[in-house]
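Visitor: Quick one: this structure, given as structure tokens, is what I'll be asking you about.
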Amino acid sequence: NAHAVLVCWEEASSGSIRAAIRGALGAQGVLPEDARVIVVVGPEGGFSRREVSALCDANPFASTVSLGPSILRTETAPALAIYELGGLS
């Protein structure tokens, strides 16, 4: 079971990876170094609203997050997300 699920979505109105992780881990009393985090990156063309809703409904600690104003390639988005996660501990 994941402590946090980060759904990277270009239509996320706001929400940084760091804020989403801190909120989910804080709510559960989990330290960053003990966290199990799932990062979900969509296909070329992105997720539909229905897909995002299904992902967020599957875990109470799932959040949509933005990776910035640019639309990233499927190959690039996970690298940026992992980089952002590295600064949490």
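Letters for chains follow the order of the structure tokens (A, B, ...), residue numbers begin at 1 for each chain, and ligand numbers begin at 1 in the order shown.
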I want to know what sits within 12 Å of Glu51 (chain A), based on only C-alpha atoms, with residues of the same chain fewer than 2 positions away left out; could you give that as a PDB file with C-alpha atoms, in the first residue's frame?

Guide:
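Just written: part_6.pdb:
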ATOM      1  CA  VAL A   7      -0.962  11.690 -10.438  1.00  0.00           C
ATOM      2  CA  CYS A   8       1.039  13.933 -12.758  1.00  0.00           C
ATOM      3  CA  TRP A   9      -1.574  15.760 -14.793  1.00  0.00           C
ATOM      4  CA  VAL A  40       1.672   8.001 -12.136  1.00  0.00           C
ATOM      5  CA  VAL A  41       2.567   9.537 -15.489  1.00  0.00           C
ATOM      6  CA  GLY A  42       0.110   9.448 -18.357  1.00  0.00           C
ATOM      7  CA  PRO A  43       0.562   8.506 -21.968  1.00  0.00           C
ATOM      8  CA  GLY A  46      -2.416  12.881 -21.180  1.00  0.00           C
ATOM      9  CA  PHE A  47      -5.088  11.387 -18.953  1.00  0.00           C
ATOM     10  CA  SER A  48      -8.798  11.930 -19.377  1.00  0.00           C
ATOM     11  CA  ARG A  49     -10.736  13.421 -16.464  1.00  0.00           C
ATOM     12  CA  SER A  53     -10.892  10.554 -11.054  1.00  0.00           C
ATOM     13  CA  ALA A  54     -10.484   6.768 -10.983  1.00  0.00           C
ATOM     14  CA  LEU A  55      -6.846   7.067  -9.900  1.00  0.00           C
ATOM     15  CA  CYS A  56      -7.651   9.568  -7.154  1.00  0.00           C
ATOM     16  CA  ASP A  57     -10.616   7.509  -5.933  1.00  0.00           C
ATOM     17  CA  ALA A  58      -8.418   4.416  -5.596  1.00  0.00           C
ATOM     18  CA  THR A  64      -3.044  15.474  -8.799  1.00  0.00           C
TER      19      THR A  64
END

Visitor: Find the residues around Thr76 (chain A) up to 12 Å (only C-alpha atoms counted), leave out those fewer than 2 positions away in its own chain, and share them as a PDB file with N, CA, C and O atoms, in the first residue's frame.

Guide:
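Done, and the output landed in part.pdb:
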ATOM      1  N   CYS A   8       0.502  12.801 -12.004  1.00  0.00           N
ATOM      2  CA  CYS A   8       1.039  13.933 -12.758  1.00  0.00           C
ATOM      3  C   CYS A   8       0.077  14.225 -13.901  1.00  0.00           C
ATOM      4  O   CYS A   8      -0.126  13.397 -14.789  1.00  0.00           O
ATOM      5  N   VAL A  41       2.364   8.647 -14.349  1.00  0.00           N
ATOM      6  CA  VAL A  41       2.567   9.537 -15.489  1.00  0.00           C
ATOM      7  C   VAL A  41       1.739   8.994 -16.639  1.00  0.00           C
ATOM      8  O   VAL A  41       1.784   7.800 -16.937  1.00  0.00           O
ATOM      9  N   GLY A  42       1.000   9.868 -17.283  1.00  0.00           N
ATOM     10  CA  GLY A  42       0.110   9.448 -18.357  1.00  0.00           C
ATOM     11  C   GLY A  42       0.811   9.214 -19.678  1.00  0.00           C
ATOM     12  O   GLY A  42       1.993   9.498 -19.840  1.00  0.00           O
ATOM     13  N   PRO A  43       0.039   8.729 -20.621  1.00  0.00           N
ATOM     14  CA  PRO A  43       0.562   8.506 -21.968  1.00  0.00           C
ATOM     15  C   PRO A  43       0.666   9.819 -22.735  1.00  0.00           C
ATOM     16  O   PRO A  43       0.205  10.856 -22.268  1.00  0.00           O
ATOM     17  N   GLU A  44       1.258   9.772 -23.913  1.00  0.00           N
ATOM     18  CA  GLU A  44       1.249  10.946 -24.785  1.00  0.00           C
ATOM     19  C   GLU A  44      -0.206  11.353 -24.974  1.00  0.00           C
ATOM     20  O   GLU A  44      -1.068  10.517 -25.184  1.00  0.00           O
ATOM     21  N   LEU A  67       3.714  19.357 -12.908  1.00  0.00           N
ATOM     22  CA  LEU A  67       5.169  19.341 -13.075  1.00  0.00           C
ATOM     23  C   LEU A  67       5.657  20.639 -13.711  1.00  0.00           C
ATOM     24  O   LEU A  67       6.752  20.704 -14.225  1.00  0.00           O
ATOM     25  N   SER A  70       5.062  23.593 -18.586  1.00  0.00           N
ATOM     26  CA  SER A  70       5.347  22.937 -19.867  1.00  0.00           C
ATOM     27  C   SER A  70       4.734  21.539 -19.907  1.00  0.00           C
ATOM     28  O   SER A  70       4.653  20.858 -18.887  1.00  0.00           O
ATOM     29  N   ILE A  71       4.331  21.117 -21.081  1.00  0.00           N
ATOM     30  CA  ILE A  71       3.884  19.742 -21.282  1.00  0.00           C
ATOM     31  C   ILE A  71       5.139  18.912 -21.546  1.00  0.00           C
ATOM     32  O   ILE A  71       5.883  19.170 -22.494  1.00  0.00           O
ATOM     33  N   LEU A  72       5.375  17.937 -20.682  1.00  0.00           N
ATOM     34  CA  LEU A  72       6.586  17.123 -20.803  1.00  0.00           C
ATOM     35  C   LEU A  72       6.296  15.822 -21.537  1.00  0.00           C
ATOM     36  O   LEU A  72       5.178  15.314 -21.516  1.00  0.00           O
ATOM     37  N   ARG A  73       7.321  15.279 -22.117  1.00  0.00           N
ATOM     38  CA  ARG A  73       7.203  13.967 -22.764  1.00  0.00           C
ATOM     39  C   ARG A  73       7.056  12.893 -21.690  1.00  0.00           C
ATOM     40  O   ARG A  73       7.510  13.058 -20.558  1.00  0.00           O
ATOM     41  N   THR A  74       6.443  11.786 -22.074  1.00  0.00           N
ATOM     42  CA  THR A  74       6.250  10.664 -21.158  1.00  0.00           C
ATOM     43  C   THR A  74       7.593  10.182 -20.609  1.00  0.00           C
ATOM     44  O   THR A  74       7.681   9.754 -19.466  1.00  0.00           O
ATOM     45  N   PRO A  78       8.747  11.384 -15.576  1.00  0.00           N
ATOM     46  CA  PRO A  78       9.157  10.632 -14.372  1.00  0.00           C
ATOM     47  C   PRO A  78      10.490  11.106 -13.789  1.00  0.00           C
ATOM     48  O   PRO A  78      10.656  11.142 -12.575  1.00  0.00           O
ATOM     49  N   ALA A  79      11.421  11.483 -14.649  1.00  0.00           N
ATOM     50  CA  ALA A  79      12.721  11.963 -14.161  1.00  0.00           C
ATOM     51  C   ALA A  79      12.550  13.225 -13.333  1.00  0.00           C
ATOM     52  O   ALA A  79      13.156  13.372 -12.259  1.00  0.00           O
ATOM     53  N   LEU A  80      11.707  14.138 -13.781  1.00  0.00           N
ATOM     54  CA  LEU A  80      11.468  15.367 -13.029  1.00  0.00           C
ATOM     55  C   LEU A  80      10.769  15.065 -11.707  1.00  0.00           C
ATOM     56  O   LEU A  80      11.123  15.620 -10.663  1.00  0.00           O
ATOM     57  N   ALA A  81       9.793  14.160 -11.734  1.00  0.00           N
ATOM     58  CA  ALA A  81       9.083  13.794 -10.508  1.00  0.00           C
ATOM     59  C   ALA A  81      10.036  13.169  -9.491  1.00  0.00           C
ATOM     60  O   ALA A  81      10.003  13.504  -8.301  1.00  0.00           O
ATOM     61  N   ILE A  82      10.891  12.299  -9.922  1.00  0.00           N
ATOM     62  CA  ILE A  82      11.859  11.658  -9.024  1.00  0.00           C
ATOM     63  C   ILE A  82      12.837  12.696  -8.466  1.00  0.00           C
ATOM     64  O   ILE A  82      13.186  12.670  -7.292  1.00  0.00           O
ATOM     65  N   TYR A  83      13.253  13.629  -9.294  1.00  0.00           N
ATOM     66  CA  TYR A  83      14.124  14.697  -8.836  1.00  0.00           C
ATOM     67  C   TYR A  83      13.446  15.489  -7.715  1.00  0.00           C
ATOM     68  O   TYR A  83      14.047  15.781  -6.681  1.00  0.00           O
TER      69      TYR A  83
END

Visitor: To one decimal place in Å, what is the distance between CA of Ala77 (chain A) and CA of Ala62 (chain A)?

Guide: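 Answer for the CA of Ala77 (chain A) to CA of Ala62 (chain A) separation: 17.6 Å.
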
Visitor: Quick one: distance from CA of Phe61 (chain A) to CA of Ala27 (chain A) in Å, one decimal?

Guide: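 Between these atoms lies a distance of 8.8 Å.
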
Visitor: Could you check how far CA of Val52 (chain A) sits from CA of Ser13 (chain A), in Å to one decimal?

Guide: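 CA of Ser13 (chain A) lies 13.1 Å from CA of Val52 (chain A).
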
Visitor: As a list in words, list the residues of chain A assigned to strand (DSSP E) by DSSP on the backbone atoms of this structure.

Guide: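 Reading the DSSP output for chain A, strand (DSSP E) covers Ala4, Val5, Leu6, Val7, Cys8, Val37, Ile38, Val39, Val40, Val41, Ala62, Ser63, Thr64 and Val65 of chain A.
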
Visitor: Export, as a PDB file, in the first residue's frame, the selected residues with N, CA, C and O atoms.

Guide:
ATOM      1  N   ALA A   4       1.368   7.606  -0.535  1.00  0.00           N
ATOM      2  CA  ALA A   4       0.957   8.717  -1.388  1.00  0.00           C
ATOM      3  C   ALA A   4       0.975   8.267  -2.837  1.00  0.00           C
ATOM      4  O   ALA A   4       1.837   7.490  -3.243  1.00  0.00           O
ATOM      5  N   VAL A   5       0.005   8.752  -3.591  1.00  0.00           N
ATOM      6  CA  VAL A   5      -0.047   8.518  -5.031  1.00  0.00           C
ATOM      7  C   VAL A   5      -0.067   9.889  -5.695  1.00  0.00           C
ATOM      8  O   VAL A   5      -0.942  10.706  -5.420  1.00  0.00           O
ATOM      9  N   LEU A   6       0.914  10.135  -6.530  1.00  0.00           N
ATOM     10  CA  LEU A   6       1.030  11.409  -7.240  1.00  0.00           C
ATOM     11  C   LEU A   6       0.624  11.203  -8.687  1.00  0.00           C
ATOM     12  O   LEU A   6       1.291  10.480  -9.423  1.00  0.00           O
ATOM     13  N   VAL A   7      -0.482  11.796  -9.070  1.00  0.00           N
ATOM     14  CA  VAL A   7      -0.962  11.690 -10.438  1.00  0.00           C
ATOM     15  C   VAL A   7      -0.512  12.947 -11.181  1.00  0.00           C
ATOM     16  O   VAL A   7      -1.043  14.034 -10.951  1.00  0.00           O
ATOM     17  N   CYS A   8       0.502  12.801 -12.004  1.00  0.00           N
ATOM     18  CA  CYS A   8       1.039  13.933 -12.758  1.00  0.00           C
ATOM     19  C   CYS A   8       0.077  14.225 -13.901  1.00  0.00           C
ATOM     20  O   CYS A   8      -0.126  13.397 -14.789  1.00  0.00           O
ATOM     21  N   VAL A  37       5.822   5.734  -2.212  1.00  0.00           N
ATOM     22  CA  VAL A  37       5.171   6.708  -3.085  1.00  0.00           C
ATOM     23  C   VAL A  37       5.034   6.127  -4.487  1.00  0.00           C
ATOM     24  O   VAL A  37       5.977   5.541  -5.012  1.00  0.00           O
ATOM     25  N   ILE A  38       3.856   6.303  -5.066  1.00  0.00           N
ATOM     26  CA  ILE A  38       3.633   5.913  -6.452  1.00  0.00           C
ATOM     27  C   ILE A  38       3.509   7.198  -7.266  1.00  0.00           C
ATOM     28  O   ILE A  38       2.757   8.098  -6.902  1.00  0.00           O
ATOM     29  N   VAL A  39       4.258   7.253  -8.359  1.00  0.00           N
ATOM     30  CA  VAL A  39       4.164   8.382  -9.289  1.00  0.00           C
ATOM     31  C   VAL A  39       3.528   7.843 -10.570  1.00  0.00           C
ATOM     32  O   VAL A  39       4.036   6.900 -11.170  1.00  0.00           O
ATOM     33  N   VAL A  40       2.401   8.438 -10.950  1.00  0.00           N
ATOM     34  CA  VAL A  40       1.672   8.001 -12.136  1.00  0.00           C
ATOM     35  C   VAL A  40       1.820   9.060 -13.219  1.00  0.00           C
ATOM     36  O   VAL A  40       1.459  10.217 -13.012  1.00  0.00           O
ATOM     37  N   VAL A  41       2.364   8.647 -14.349  1.00  0.00           N
ATOM     38  CA  VAL A  41       2.567   9.537 -15.489  1.00  0.00           C
ATOM     39  C   VAL A  41       1.739   8.994 -16.639  1.00  0.00           C
ATOM     40  O   VAL A  41       1.784   7.800 -16.937  1.00  0.00           O
ATOM     41  N   ALA A  62      -4.194  10.081  -2.662  1.00  0.00           N
ATOM     42  CA  ALA A  62      -3.806  10.405  -4.038  1.00  0.00           C
ATOM     43  C   ALA A  62      -4.071  11.884  -4.295  1.00  0.00           C
ATOM     44  O   ALA A  62      -5.037  12.445  -3.801  1.00  0.00           O
ATOM     45  N   SER A  63      -3.190  12.492  -5.066  1.00  0.00           N
ATOM     46  CA  SER A  63      -3.315  13.910  -5.411  1.00  0.00           C
ATOM     47  C   SER A  63      -2.887  14.116  -6.848  1.00  0.00           C
ATOM     48  O   SER A  63      -1.965  13.455  -7.327  1.00  0.00           O
ATOM     49  N   THR A  64      -3.554  15.052  -7.501  1.00  0.00           N
ATOM     50  CA  THR A  64      -3.044  15.474  -8.799  1.00  0.00           C
ATOM     51  C   THR A  64      -1.960  16.510  -8.543  1.00  0.00           C
ATOM     52  O   THR A  64      -2.083  17.331  -7.637  1.00  0.00           O
ATOM     53  N   VAL A  65      -0.908  16.422  -9.308  1.00  0.00           N
ATOM     54  CA  VAL A  65       0.199  17.361  -9.154  1.00  0.00           C
ATOM     55  C   VAL A  65       0.615  17.888 -10.518  1.00  0.00           C
ATOM     56  O   VAL A  65       0.427  17.229 -11.542  1.00  0.00           O
TER      57      VAL A  65
END

Visitor: Ranking A:Glu84, A:Glu75, A:Arg50, A:Gly68 by minimum distance to Ala12 (chain A) and counting only C-alpha atoms, which one comes first?

Guide: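 Of the candidates, the smallest distance to Ala12 (chain A) is held by A:Gly68.
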
Visitor: Looking only at the backbone, which of the residues in chain A does DSSP tag as alpha helix (DSSP H), as a PyMOL selection string?

Guide: chain A and resi 17-28+49-57+77-86

Visitor: Nearest to Ala24 (chain A) among A:His3, A:Gly86, A:Glu10, A:Arg36, with distances taken over only C-alpha atoms: which residue is it?

Guide: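 Of A:His3, A:Gly86, A:Glu10, A:Arg36, the one nearest Ala24 (chain A) is A:His3, counting only C-alpha atoms.
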